[in-house]
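What follows is the content of my_file-v8.pdb, which has PDB, C-alpha atoms and all ligand atoms:
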MODEL        1
ATOM      1  CA  MET A 729     -12.894 -12.787  16.563
ATOM      2  CA  ASN A 730     -11.067  -9.577  15.721
ATOM      3  CA  PRO A 731     -12.770  -7.359  13.148
ATOM      4  CA  LEU A 732     -10.829  -6.610   9.970
ATOM      5  CA  ASN A 733     -11.218  -3.519   7.808
ATOM      6  CA  HIS A 734      -7.784  -2.529   6.652
ATOM      7  CA  VAL A 735      -4.756  -4.497   5.456
ATOM      8  CA  ALA A 736      -1.516  -2.722   4.538
ATOM      9  CA  ILE A 737       1.234  -4.441   2.565
ATOM     10  CA  ILE A 738       4.902  -3.728   1.921
ATOM     11  CA  MET A 739       5.223  -5.597  -1.350
ATOM     12  CA  ASP A 740       8.919  -6.434  -1.186
ATOM     13  CA  GLY A 741      10.999  -8.959  -3.089
ATOM     14  CA  ASN A 742      10.180  -8.323  -6.747
ATOM     15  CA  GLY A 743      13.784  -7.650  -7.744
ATOM     16  CA  ARG A 744      15.174 -10.768  -6.067
ATOM     17  CA  TRP A 745      12.411 -12.939  -7.546
ATOM     18  CA  GLY A 746      13.031 -11.533 -11.030
ATOM     19  CA  LEU A 747      16.779 -12.067 -10.834
ATOM     20  CA  LYS A 748      16.365 -15.593  -9.558
ATOM     21  CA  TYR A 749      13.798 -16.840 -12.062
ATOM     22  CA  LYS A 750      14.076 -14.516 -15.101
ATOM     23  CA  ASN A 751      17.503 -12.966 -14.771
ATOM     24  CA  SER A 752      15.859  -9.517 -14.703
ATOM     25  CA  ARG A 753      14.663  -7.340 -11.821
ATOM     26  CA  ASN A 754      12.070  -5.747 -14.077
ATOM     27  CA  GLU A 755      10.504  -9.138 -14.832
ATOM     28  CA  GLY A 756      10.079  -9.420 -11.077
ATOM     29  CA  HIS A 757       8.128  -6.166 -10.998
ATOM     30  CA  LYS A 758       5.904  -7.462 -13.798
ATOM     31  CA  ALA A 759       5.226 -10.651 -11.856
ATOM     32  CA  GLY A 760       4.593  -8.578  -8.730
ATOM     33  CA  LEU A 761       1.782  -6.799 -10.495
ATOM     34  CA  ARG A 762       0.041 -10.128 -11.069
ATOM     35  CA  THR A 763       0.197 -10.715  -7.307
ATOM     36  CA  VAL A 764      -1.386  -7.289  -6.778
ATOM     37  CA  GLU A 765      -4.358  -8.375  -8.880
ATOM     38  CA  LYS A 766      -4.673 -11.639  -6.947
ATOM     39  CA  ILE A 767      -4.606  -9.865  -3.605
ATOM     40  CA  ILE A 768      -7.206  -7.322  -4.704
ATOM     41  CA  ARG A 769      -9.553 -10.210  -5.530
ATOM     42  CA  ALA A 770      -8.714 -11.928  -2.256
ATOM     43  CA  SER A 771      -9.407  -8.732  -0.317
ATOM     44  CA  ILE A 772     -12.862  -8.506  -1.829
ATOM     45  CA  ARG A 773     -13.536 -12.127  -0.969
ATOM     46  CA  ASN A 774     -12.515 -11.372   2.610
ATOM     47  CA  ASN A 775     -14.765  -8.329   2.738
ATOM     48  CA  ILE A 776     -11.843  -6.024   3.499
ATOM     49  CA  LYS A 777     -12.673  -2.340   3.064
ATOM     50  CA  PHE A 778      -9.183  -0.794   2.755
ATOM     51  CA  LEU A 779      -6.112  -2.272   1.101
ATOM     52  CA  THR A 780      -2.978  -0.104   1.298
ATOM     53  CA  LEU A 781      -0.147  -1.107  -1.025
ATOM     54  CA  PHE A 782       3.376   0.295  -0.774
ATOM     55  CA  ALA A 783       4.398   0.565  -4.413
ATOM     56  CA  PHE A 784       7.114   3.234  -4.469
ATOM     57  CA  SER A 785       8.858   4.949  -1.568
ATOM     58  CA  THR A 786      10.421   8.404  -1.382
ATOM     59  CA  GLU A 787      13.743   6.513  -1.179
ATOM     60  CA  ASN A 788      13.105   4.374  -4.265
ATOM     61  CA  TRP A 789      14.170   7.311  -6.503
ATOM     62  CA  LYS A 790      17.715   6.292  -5.608
ATOM     63  CA  ARG A 791      17.389   3.201  -7.841
ATOM     64  CA  PRO A 792      18.812   3.068 -11.372
ATOM     65  CA  LYS A 793      16.885   5.224 -13.847
ATOM     66  CA  ASN A 794      15.899   2.271 -16.008
ATOM     67  CA  GLU A 795      14.225   0.497 -13.078
ATOM     68  CA  VAL A 796      12.360   3.629 -11.974
ATOM     69  CA  SER A 797      11.071   4.327 -15.472
ATOM     70  CA  PHE A 798      10.071   0.675 -15.892
ATOM     71  CA  LEU A 799       8.031   0.852 -12.677
ATOM     72  CA  PHE A 800       6.187   3.932 -13.856
ATOM     73  CA  SER A 801       5.515   2.446 -17.281
ATOM     74  CA  LEU A 802       4.017  -0.595 -15.527
ATOM     75  CA  LEU A 803       1.838   1.712 -13.450
ATOM     76  CA  GLU A 804       0.746   3.644 -16.512
ATOM     77  CA  ASN A 805      -0.239   0.505 -18.421
ATOM     78  CA  PHE A 806      -1.977  -0.944 -15.406
ATOM     79  CA  LEU A 807      -4.137   2.122 -14.920
ATOM     80  CA  LYS A 808      -4.908   2.491 -18.600
ATOM     81  CA  ASN A 809      -5.917  -1.157 -18.942
ATOM     82  CA  LYS A 810      -7.562  -1.815 -15.597
ATOM     83  CA  ILE A 811      -9.169   1.322 -14.259
ATOM     84  CA  ASN A 812     -12.508   0.593 -15.947
ATOM     85  CA  ASP A 813     -12.434  -2.901 -14.571
ATOM     86  CA  LEU A 814     -11.710  -1.610 -11.047
ATOM     87  CA  HIS A 815     -14.509   0.911 -11.438
ATOM     88  CA  ASP A 816     -16.971  -1.775 -12.573
ATOM     89  CA  LYS A 817     -16.049  -3.778  -9.506
ATOM     90  CA  ASN A 818     -16.967  -0.768  -7.332
ATOM     91  CA  ILE A 819     -13.352  -0.285  -6.230
ATOM     92  CA  ARG A 820     -12.028   3.123  -5.254
ATOM     93  CA  LEU A 821      -8.437   4.083  -5.971
ATOM     94  CA  LYS A 822      -6.688   6.629  -3.787
ATOM     95  CA  ILE A 823      -3.082   7.713  -4.018
ATOM     96  CA  ILE A 824      -1.164   8.374  -0.823
ATOM     97  CA  GLY A 825       2.122  10.183  -1.279
ATOM     98  CA  ILE A 826       3.232  13.252  -3.157
ATOM     99  CA  LYS A 827       2.090  13.307  -6.772
ATOM    100  CA  ASN A 828       5.063  14.947  -8.401
ATOM    101  CA  PHE A 829       5.542  12.596 -11.334
ATOM    102  CA  SER A 830       5.482  13.392 -15.039
ATOM    103  CA  LYS A 831       2.509  15.427 -16.221
ATOM    104  CA  LYS A 832       1.152  12.344 -17.984
ATOM    105  CA  ILE A 833       1.289  10.153 -14.875
ATOM    106  CA  ASN A 834      -0.069  12.874 -12.580
ATOM    107  CA  LYS A 835      -3.025  13.338 -14.882
ATOM    108  CA  LEU A 836      -3.704   9.623 -15.172
ATOM    109  CA  LEU A 837      -3.589   9.247 -11.387
ATOM    110  CA  SER A 838      -5.949  12.165 -10.798
ATOM    111  CA  LEU A 839      -8.393  10.893 -13.423
ATOM    112  CA  SER A 840      -8.339   7.397 -11.927
ATOM    113  CA  GLU A 841      -8.972   8.771  -8.443
ATOM    114  CA  LYS A 842     -11.768  10.991  -9.637
ATOM    115  CA  LYS A 843     -13.476   8.295 -11.707
ATOM    116  CA  THR A 844     -13.598   5.861  -8.788
ATOM    117  CA  SER A 845     -14.113   8.351  -5.948
ATOM    118  CA  LYS A 846     -17.694   7.286  -5.180
ATOM    119  CA  ASN A 847     -16.999   3.561  -5.136
ATOM    120  CA  THR A 848     -17.604   1.702  -1.906
ATOM    121  CA  ARG A 849     -16.748  -2.006  -2.215
ATOM    122  CA  LEU A 850     -13.015  -1.688  -1.515
ATOM    123  CA  GLN A 851     -10.664   1.275  -1.286
ATOM    124  CA  ILE A 852      -7.153   0.705  -2.570
ATOM    125  CA  ASN A 853      -4.654   3.194  -1.192
ATOM    126  CA  LEU A 854      -1.694   3.099  -3.502
ATOM    127  CA  ALA A 855       1.389   4.483  -1.757
ATOM    128  CA  LEU A 856       3.453   6.199  -4.445
ATOM    129  CA  ASN A 857       6.353   8.481  -3.683
ATOM    130  CA  TYR A 858       5.275   7.853  -0.116
ATOM    131  CA  GLY A 859       7.476   8.320   2.944
ATOM    132  CA  SER A 860       6.115   8.374   6.455
ATOM    133  CA  LYS A 861       8.617  10.894   7.783
ATOM    134  CA  SER A 862       7.851  13.425   5.053
ATOM    135  CA  GLU A 863       4.131  12.802   5.605
ATOM    136  CA  LEU A 864       4.511  13.644   9.309
ATOM    137  CA  VAL A 865       6.596  16.758   8.655
ATOM    138  CA  TYR A 866       4.024  17.929   6.125
ATOM    139  CA  ALA A 867       1.210  17.257   8.629
ATOM    140  CA  PHE A 868       2.886  19.255  11.426
ATOM    141  CA  LYS A 869       3.612  22.134   9.066
ATOM    142  CA  SER A 870      -0.033  22.222   7.937
ATOM    143  CA  ILE A 871      -1.256  22.198  11.539
ATOM    144  CA  LEU A 872       0.959  25.182  12.336
ATOM    145  CA  LYS A 873      -0.108  27.000   9.193
ATOM    146  CA  ASN A 874      -3.777  26.554  10.109
ATOM    147  CA  LYS A 875      -3.055  27.529  13.727
ATOM    148  CA  ASP A 876      -4.681  24.235  14.748
ATOM    149  CA  SER A 877      -3.772  22.546  18.010
ATOM    150  CA  ILE A 878      -1.408  19.597  17.999
ATOM    151  CA  THR A 879      -3.456  16.659  19.239
ATOM    152  CA  GLU A 880      -3.447  13.014  18.156
ATOM    153  CA  LYS A 881      -6.845  13.398  16.574
ATOM    154  CA  ASN A 882      -5.853  16.531  14.689
ATOM    155  CA  LEU A 883      -2.600  15.087  13.454
ATOM    156  CA  SER A 884      -4.439  12.122  11.913
ATOM    157  CA  LYS A 885      -6.548  14.581   9.947
ATOM    158  CA  TYR A 886      -3.487  16.084   8.303
ATOM    159  CA  LEU A 887      -2.021  12.793   7.081
ATOM    160  CA  PHE A 888      -2.584  11.342   3.608
ATOM    161  CA  THR A 889      -4.606   8.659   5.389
ATOM    162  CA  LYS A 890      -7.177  11.144   6.653
ATOM    163  CA  ASN A 891     -10.563   9.403   7.087
ATOM    164  CA  ILE A 892      -8.959   5.979   6.705
ATOM    165  CA  PRO A 893      -8.923   3.769   9.816
ATOM    166  CA  ASP A 894      -5.500   2.507  10.910
ATOM    167  CA  PRO A 895      -4.571  -0.903   9.470
ATOM    168  CA  GLU A 896      -5.257  -3.892  11.691
ATOM    169  CA  ILE A 897      -2.736  -5.952   9.710
ATOM    170  CA  LEU A 898       0.591  -5.105   8.091
ATOM    171  CA  ILE A 899       2.207  -7.715   5.865
ATOM    172  CA  ARG A 900       5.771  -7.374   4.616
ATOM    173  CA  THR A 901       6.856 -10.000   2.129
ATOM    174  CA  GLY A 902      10.451 -10.577   1.062
ATOM    175  CA  ASP A 903      11.997 -11.770   4.314
ATOM    176  CA  LYS A 904      13.142  -8.413   5.737
ATOM    177  CA  LYS A 905      12.007  -7.256   9.156
ATOM    178  CA  ARG A 906      11.802  -3.498   8.809
ATOM    179  CA  LEU A 907       9.225  -0.815   8.045
ATOM    180  CA  SER A 908      11.220   1.174   5.452
ATOM    181  CA  ASN A 909       9.499   4.482   6.287
ATOM    182  CA  PHE A 910       5.952   3.134   5.857
ATOM    183  CA  LEU A 911       2.979   4.393   7.929
ATOM    184  CA  LEU A 912       4.984   4.960  11.121
ATOM    185  CA  TRP A 913       2.128   6.770  12.877
ATOM    186  CA  GLN A 914      -0.689   4.600  11.553
ATOM    187  CA  LEU A 915       0.951   1.290  12.534
ATOM    188  CA  ALA A 916       1.169   2.127  16.252
ATOM    189  CA  TYR A 917      -1.091  -0.808  17.208
ATOM    190  CA  THR A 918      -1.077  -2.879  14.037
ATOM    191  CA  GLU A 919      -0.411  -6.623  14.026
ATOM    192  CA  ILE A 920       2.689  -7.165  11.898
ATOM    193  CA  PHE A 921       3.334 -10.241   9.761
ATOM    194  CA  PHE A 922       6.763 -10.705   8.212
ATOM    195  CA  GLU A 923       6.520 -13.169   5.361
ATOM    196  CA  LYS A 924       9.519 -15.024   3.954
ATOM    197  CA  LYS A 925       8.092 -15.405   0.448
ATOM    198  CA  LEU A 926       9.020 -12.817  -2.174
ATOM    199  CA  TRP A 927       6.050 -10.725  -3.350
ATOM    200  CA  PRO A 928       5.616 -12.412  -6.762
ATOM    201  CA  ALA A 929       5.382 -15.788  -4.999
ATOM    202  CA  PHE A 930       2.850 -14.617  -2.412
ATOM    203  CA  ASN A 931      -0.691 -15.853  -3.049
ATOM    204  CA  GLU A 932      -4.259 -15.886  -1.815
ATOM    205  CA  LYS A 933      -3.621 -18.909   0.376
ATOM    206  CA  ASP A 934      -0.778 -17.108   2.177
ATOM    207  CA  PHE A 935      -2.979 -14.038   2.544
ATOM    208  CA  ASN A 936      -5.885 -16.029   3.972
ATOM    209  CA  LYS A 937      -3.596 -17.811   6.415
ATOM    210  CA  ILE A 938      -2.429 -14.472   7.826
ATOM    211  CA  ILE A 939      -5.996 -13.201   8.115
ATOM    212  CA  LYS A 940      -7.048 -16.347   9.919
ATOM    213  CA  GLU A 941      -4.168 -16.032  12.370
ATOM    214  CA  TYR A 942      -4.944 -12.347  12.947
ATOM    215  CA  LYS A 943      -8.577 -13.055  13.773
ATOM    216  CA  PHE A 944      -7.609 -14.983  16.907
ATOM    217  CA  ILE A 945      -4.827 -12.756  18.251
ATOM    218  CA  LYS A 946      -5.519 -11.310  21.681
ATOM    219  CA  ARG A 947      -5.177  -7.592  21.055
ATOM    220  CA  ASN A 948      -4.557  -5.716  24.280
ATOM    221  CA  PHE A 949      -4.153  -2.043  23.397
ATOM    222  CA  GLY A 950      -2.353  -1.632  26.685
ATOM    223  CA  LYS A 951      -5.071  -3.330  28.719
ATOM    224  CA  ILE A 952      -4.871  -6.909  30.002
TER     225      ILE A 952
HETATM  226  C1  LIG B   1       9.631  -4.064  -3.975
HETATM  227  O1  LIG B   1      10.471  -5.003  -4.493
HETATM  228  C2  LIG B   1       9.006  -3.233  -5.033
HETATM  229  C3  LIG B   1       9.484  -1.847  -5.082
HETATM  230  C4  LIG B   1      10.255  -1.257  -4.215
HETATM  231  C5  LIG B   1       9.033  -1.082  -6.210
HETATM  232  P1  LIG B   1      12.017  -4.702  -4.623
HETATM  233  O2  LIG B   1      12.277  -4.117  -5.957
HETATM  234  O3  LIG B   1      12.498  -3.900  -3.477
HETATM  235  O4  LIG B   1      12.621  -6.154  -4.563
HETATM  236  P2  LIG B   1      13.947  -6.600  -3.837
HETATM  237  O5  LIG B   1      13.784  -6.260  -2.387
HETATM  238  O6  LIG B   1      15.067  -5.832  -4.469
HETATM  239  O7  LIG B   1      14.018  -8.056  -4.087
HETATM  240  C1  LIG B   2       9.997  -0.900   0.527
HETATM  241  O1  LIG B   2      10.857  -1.778  -0.120
HETATM  242  C2  LIG B   2       9.276  -0.060  -0.472
HETATM  243  C3  LIG B   2       8.293  -0.739  -1.287
HETATM  244  C4  LIG B   2       7.908  -1.978  -1.190
HETATM  245  C5  LIG B   2       7.678   0.088  -2.289
HETATM  246  P1  LIG B   2      12.390  -1.433  -0.349
HETATM  247  O2  LIG B   2      12.987  -2.598  -1.035
HETATM  248  O3  LIG B   2      12.530  -0.115  -1.003
HETATM  249  O4  LIG B   2      12.931  -1.328   1.147
HETATM  250  P2  LIG B   2      14.416  -1.362   1.695
HETATM  251  O5  LIG B   2      15.174  -0.286   0.992
HETATM  252  O6  LIG B   2      14.969  -2.710   1.375
HETATM  253  O7  LIG B   2      14.277  -1.157   3.160
HETATM  254 MG    MG B   3      13.269  -4.425  -1.652
ENDMDL
END
Here is a file; write its structure as structure tokens.
Ligand code: IPE
Ligand code: IPE
Ligand code: MG
Amino acid sequence: MNPLNHVAIIMDGNGRWGLKYKNSRNEGHKAGLRTVEKIIRASIRNNIKFLTLFAFSTENWKRPKNEVSFLFSLLENFLKNKINDLHDKNIRLKIIGIKNFSKKINKLLSLSEKKTSKNTRLQINLALNYGSKSELVYAFKSILKNKDSITEKNLSKYLFTKNIPDPEILIRTGDKKRLSNFLLWQLAYTEIFFEKKLWPAFNEKDFNKIIKEYKFIKRNFGKI
């Protein structure tokens, strides 16, 4: 059976779900947050150590202002209301991406990371203002600045995902088969699951089914 430490998820389909059932994209984002909570619990039950969630891409700034500000108000409320709960559950929160939000959000993110930094049960990597291409450019620039040599091992050390093992599983909900600038380096050998369901409709049963399927995949890594 394949070992499992790290699941990454492109949580796509909130807007379509919201429009379909509530006539509002933002209602879809709200419902998507409830799925996040379900999947955190399911990850703990599956003894997963790293859960990486794509919440906001470097390209998502191109959305209408009202949607962007709604997303950040959801994030703010979530952290304010749930960070103690996450901490009590021994969950660590780490942000991957460039933290150039409002002062208020930046501070809240840093405090949440700091508060939970010693926790060991599960690490949630929240990808916010994350883009894989900008991450790679930043990594190469830092290597050059430090006059370090460009090797695979070194490059990994300069990514936001430093010290985090590559995901064994990537799930993308929302019925689109693309990576949308997510973890291009880290997914080199990841098993990818494209899920038709929209993120708010995704549940623990769907998650467990994917994990079960993953466990029996013959992973070759170039060998036979
Ligand atoms: C993903 O859902 C969540 C974010 C990008 C914040 P979408 O908002 O992209 O939902 P669809 O793809 O438009 O349905
Ligand atoms: C990817 O979804 C980003 C997140 C889930 C945060 P998008 O909805 O932004 O992706 P595209 O634009 O359809 O590829
Ligand atoms: Mg989308």
Q. Any idea what the distance is between CA of Ser908 (chain A) and atom O4 of ligand LIG 2 (chain B)?
A. 5.3 Å
Q. Could you spell out the hits of the PyMOL selection byres (((chain A and resi 796) around 12) and not hetatm) on the shown file, as a PyMOL selection string?
A. chain A and resi 753-754+757+783-795+797-803+829+856-857
**Q.** Residue list as a list of chain:residue names for point (11.5, -11.4, -4.6), cut-off 10 Å, only C-alpha atoms
**A.** A:Met739, A:Asp740, A:Gly741, A:Asn742, A:Gly743, A:Arg744, A:Trp745, A:Gly746, A:Leu747, A:Lys748, A:Tyr749, A:Arg753, A:Gly756, A:His757, A:Ala759, A:Gly760, A:Thr901, A:Gly902, A:Asp903, A:Lys924, A:Lys925, A:Leu926, A:Trp927, A:Pro928, A:Ala929, A:Phe930
Skipping near chain neighbours, those fewer than 2 positions away, what residues fall within 12 Å of Ser840 (chain A) using all atoms listed in the file, listed as a compact mmCIF listing (two decimals) with C-alpha atoms, in the frame of the given file?
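Written output follows (result-v8.txt):
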# COMPACT_ATOMS: atom_id res chain seq x y z
CA LEU A 803 1.84 1.71 -13.45
CA GLU A 804 0.75 3.64 -16.51
CA PHE A 806 -1.98 -0.94 -15.41
CA LEU A 807 -4.14 2.12 -14.92
CA LYS A 808 -4.91 2.49 -18.60
CA ASN A 809 -5.92 -1.16 -18.94
CA LYS A 810 -7.56 -1.82 -15.60
CA ILE A 811 -9.17 1.32 -14.26
CA ASN A 812 -12.51 0.59 -15.95
CA ASP A 813 -12.43 -2.90 -14.57
CA LEU A 814 -11.71 -1.61 -11.05
CA HIS A 815 -14.51 0.91 -11.44
CA ILE A 819 -13.35 -0.28 -6.23
CA ARG A 820 -12.03 3.12 -5.25
CA LEU A 821 -8.44 4.08 -5.97
CA LYS A 822 -6.69 6.63 -3.79
CA ILE A 823 -3.08 7.71 -4.02
CA ILE A 833 1.29 10.15 -14.88
CA ASN A 834 -0.07 12.87 -12.58
CA LYS A 835 -3.02 13.34 -14.88
CA LEU A 836 -3.70 9.62 -15.17
CA LEU A 837 -3.59 9.25 -11.39
CA SER A 838 -5.95 12.16 -10.80
CA LYS A 842 -11.77 10.99 -9.64
CA LYS A 843 -13.48 8.30 -11.71
CA THR A 844 -13.60 5.86 -8.79
CA SER A 845 -14.11 8.35 -5.95
CA LYS A 846 -17.69 7.29 -5.18
CA ASN A 847 -17.00 3.56 -5.14
CA ILE A 852 -7.15 0.70 -2.57
CA LEU A 854 -1.69 3.10 -3.50
Q. Can you list, as a PyMOL selection string, every protein, DNA or RNA residue that comes within 12 Å of Arg773 (chain A) when you count all atoms listed in the file, leaving out same-chain residues fewer than 5 positions away?
A. chain A and resi 766-768+849-850+932+935-936+939
Q) Which value, in Å to one decimal, gives the distance between CA of Ile737 (chain A) and CA of Ile938 (chain A)? A)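 Rounded to one decimal, the two atoms are 11.9 Å apart.
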Q: Could you tell me how far CA of Lys873 (chain A) lies from CA of Phe888 (chain A), in Å and to one decimal?
A: 16.8 Å
Q: Would you mind telling me which residue in A:Ile871, A:Glu896, A:Lys951, A:Phe782 lies nearest to ligand MG 3 (chain B) when using all atoms listed in the file?
A: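 Of all the options, A:Phe782 lies closest to ligand MG 3 (chain B).
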Q) Could you list as a list in words every residue that has an atom within 7 Å of (-14.2, -6.7, 9.3), using the file's coordinates and counting all atoms listed in the file? A) Pro731, Leu732, Asn733, Asn775 and Ile776 of chain A
Expand the PyMOL selection byres (((chain A and resi 921) around 8) and not hetatm) into the explicit residue set it covers here, and present it as a short mmCIF file (atom, residue, chain, number, x, y, z; two decimals) with C-alpha atoms, in the frame of the given file.
data_model
loop_
_atom_site.label_atom_id
_atom_site.label_comp_id
_atom_site.auth_asym_id
_atom_site.auth_seq_id
_atom_site.Cartn_x
_atom_site.Cartn_y
_atom_site.Cartn_z
CA ILE A 897 -2.74 -5.95 9.71
CA LEU A 898 0.59 -5.11 8.09
CA ILE A 899 2.21 -7.72 5.86
CA ARG A 900 5.77 -7.37 4.62
CA GLU A 919 -0.41 -6.62 14.03
CA ILE A 920 2.69 -7.16 11.90
CA PHE A 922 6.76 -10.70 8.21
CA GLU A 923 6.52 -13.17 5.36
CA ILE A 938 -2.43 -14.47 7.83
#
Please write out, as AutoDock Vina command-line options, where the centre of an axis-aligned box around all listed atoms of region 890-902 of chain A lies and how long its edges are, in Å to one decimal, after adding 4 Å on each side.
--center_x -0.1 --center_y 0.3 --center_z 6.4 --size_x 29.0 --size_y 29.7 --size_z 18.6
Q | Which residue of A:Lys869, A:Lys832, A:Arg906, A:His734 approaches ligand LIG 1 (chain B) most closely, using only C-alpha atoms and all ligand atoms | A |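 Smallest distance to ligand LIG 1 (chain B) is found for A:Arg906.
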Q.
Let me make sure I understand: among A:Leu779, A:Ile826, A:Ala855, A:Ile945, which one has the smallest atom-to-atom distance to ligand LIG 1 (chain B) if we use all atoms listed in the file?
A. A:Ala855
Q | Proximity to ligand LIG 2 (chain B) - best of A:Ser830, A:Ser870, A:Ser860, A:Asn774, only C-alpha atoms and all ligand atoms | A |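 Nearest candidate to ligand LIG 2 (chain B) out of A:Ser830, A:Ser870, A:Ser860, A:Asn774: A:Ser860.
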**Q.** A:Phe910, A:Tyr917, A:Phe778, A:Tyr866 ranked by distance to ligand LIG 2 (chain B), top pick (using all atoms listed in the file)
**A.**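 The answer is A:Phe910, which sits nearest to ligand LIG 2 (chain B).
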**Q.** Option closest in space to Leu911 (chain A), from A:Lys881, A:Arg769, A:Lys861, A:Arg762 [counting only C-alpha atoms]
**A.** A:Lys861
Starting from the block above, write region 885-905 of chain A out to a file with N, CA and C atoms, as an mmCIF file, in the first residue's frame, please.
data_model
loop_
_atom_site.group_PDB
_atom_site.id
_atom_site.type_symbol
_atom_site.label_atom_id
_atom_site.label_comp_id
_atom_site.auth_asym_id
_atom_site.auth_seq_id
_atom_site.Cartn_x
_atom_site.Cartn_y
_atom_site.Cartn_z
ATOM 1 N N LYS A 885 14.679 23.982 -1.673
ATOM 2 C CA LYS A 885 14.875 24.731 -0.418
ATOM 3 C C LYS A 885 14.473 26.198 -0.535
ATOM 4 N N TYR A 886 14.386 26.680 -1.761
ATOM 5 C CA TYR A 886 14.048 28.091 -1.954
ATOM 6 C C TYR A 886 12.572 28.310 -2.301
ATOM 7 N N LEU A 887 11.811 27.222 -2.307
ATOM 8 C CA LEU A 887 10.373 27.351 -2.602
ATOM 9 C C LEU A 887 9.603 27.611 -1.303
ATOM 10 N N PHE A 888 8.367 28.082 -1.440
ATOM 11 C CA PHE A 888 7.540 28.274 -0.233
ATOM 12 C C PHE A 888 7.344 26.949 0.493
ATOM 13 N N THR A 889 7.460 25.854 -0.239
ATOM 14 C CA THR A 889 7.192 24.529 0.322
ATOM 15 C C THR A 889 8.442 23.869 0.911
ATOM 16 N N LYS A 890 9.437 24.686 1.152
ATOM 17 C CA LYS A 890 10.659 24.220 1.825
ATOM 18 C C LYS A 890 10.298 23.337 3.036
ATOM 19 N N ASN A 891 10.982 22.229 3.177
ATOM 20 C CA ASN A 891 10.746 21.299 4.303
ATOM 21 C C ASN A 891 9.400 20.574 4.261
ATOM 22 N N ILE A 892 8.657 20.736 3.180
ATOM 23 C CA ILE A 892 7.389 20.021 3.062
ATOM 24 C C ILE A 892 7.569 18.973 1.960
ATOM 25 N N PRO A 893 7.264 17.694 2.247
ATOM 26 C CA PRO A 893 7.429 16.696 1.188
ATOM 27 C C PRO A 893 6.454 16.955 0.038
ATOM 28 N N ASP A 894 6.812 16.543 -1.165
ATOM 29 C CA ASP A 894 5.903 16.745 -2.302
ATOM 30 C C ASP A 894 4.589 15.994 -2.060
ATOM 31 N N PRO A 895 3.483 16.529 -2.583
ATOM 32 C CA PRO A 895 2.202 15.820 -2.388
ATOM 33 C C PRO A 895 2.198 14.480 -3.131
ATOM 34 N N GLU A 896 1.612 13.481 -2.487
ATOM 35 C CA GLU A 896 1.406 12.206 -3.195
ATOM 36 C C GLU A 896 0.124 12.271 -4.014
ATOM 37 N N ILE A 897 -0.824 13.107 -3.557
ATOM 38 C CA ILE A 897 -2.121 13.207 -4.235
ATOM 39 C C ILE A 897 -2.425 14.674 -4.519
ATOM 40 N N LEU A 898 -2.903 14.948 -5.740
ATOM 41 C CA LEU A 898 -3.522 16.244 -6.030
ATOM 42 C C LEU A 898 -4.966 15.978 -6.437
ATOM 43 N N ILE A 899 -5.878 16.712 -5.809
ATOM 44 C CA ILE A 899 -7.290 16.629 -6.209
ATOM 45 C C ILE A 899 -7.677 17.979 -6.789
ATOM 46 N N ARG A 900 -8.314 17.988 -7.954
ATOM 47 C CA ARG A 900 -8.951 19.216 -8.428
ATOM 48 C C ARG A 900 -10.428 18.941 -8.597
ATOM 49 N N THR A 901 -11.247 19.637 -7.850
ATOM 50 C CA THR A 901 -12.693 19.513 -8.022
ATOM 51 C C THR A 901 -13.132 20.471 -9.120
ATOM 52 N N GLY A 902 -14.389 20.399 -9.501
ATOM 53 C CA GLY A 902 -14.959 21.404 -10.405
ATOM 54 C C GLY A 902 -14.844 21.084 -11.885
ATOM 55 N N ASP A 903 -14.459 19.817 -12.191
ATOM 56 C CA ASP A 903 -14.589 19.335 -13.563
ATOM 57 C C ASP A 903 -13.730 20.072 -14.601
ATOM 58 N N LYS A 904 -12.587 20.585 -14.204
ATOM 59 C CA LYS A 904 -11.650 21.168 -15.179
ATOM 60 C C LYS A 904 -10.315 20.438 -15.038
ATOM 61 N N LYS A 905 -9.739 20.092 -16.188
ATOM 62 C CA LYS A 905 -8.487 19.323 -16.128
ATOM 63 C C LYS A 905 -7.291 20.221 -16.420
#
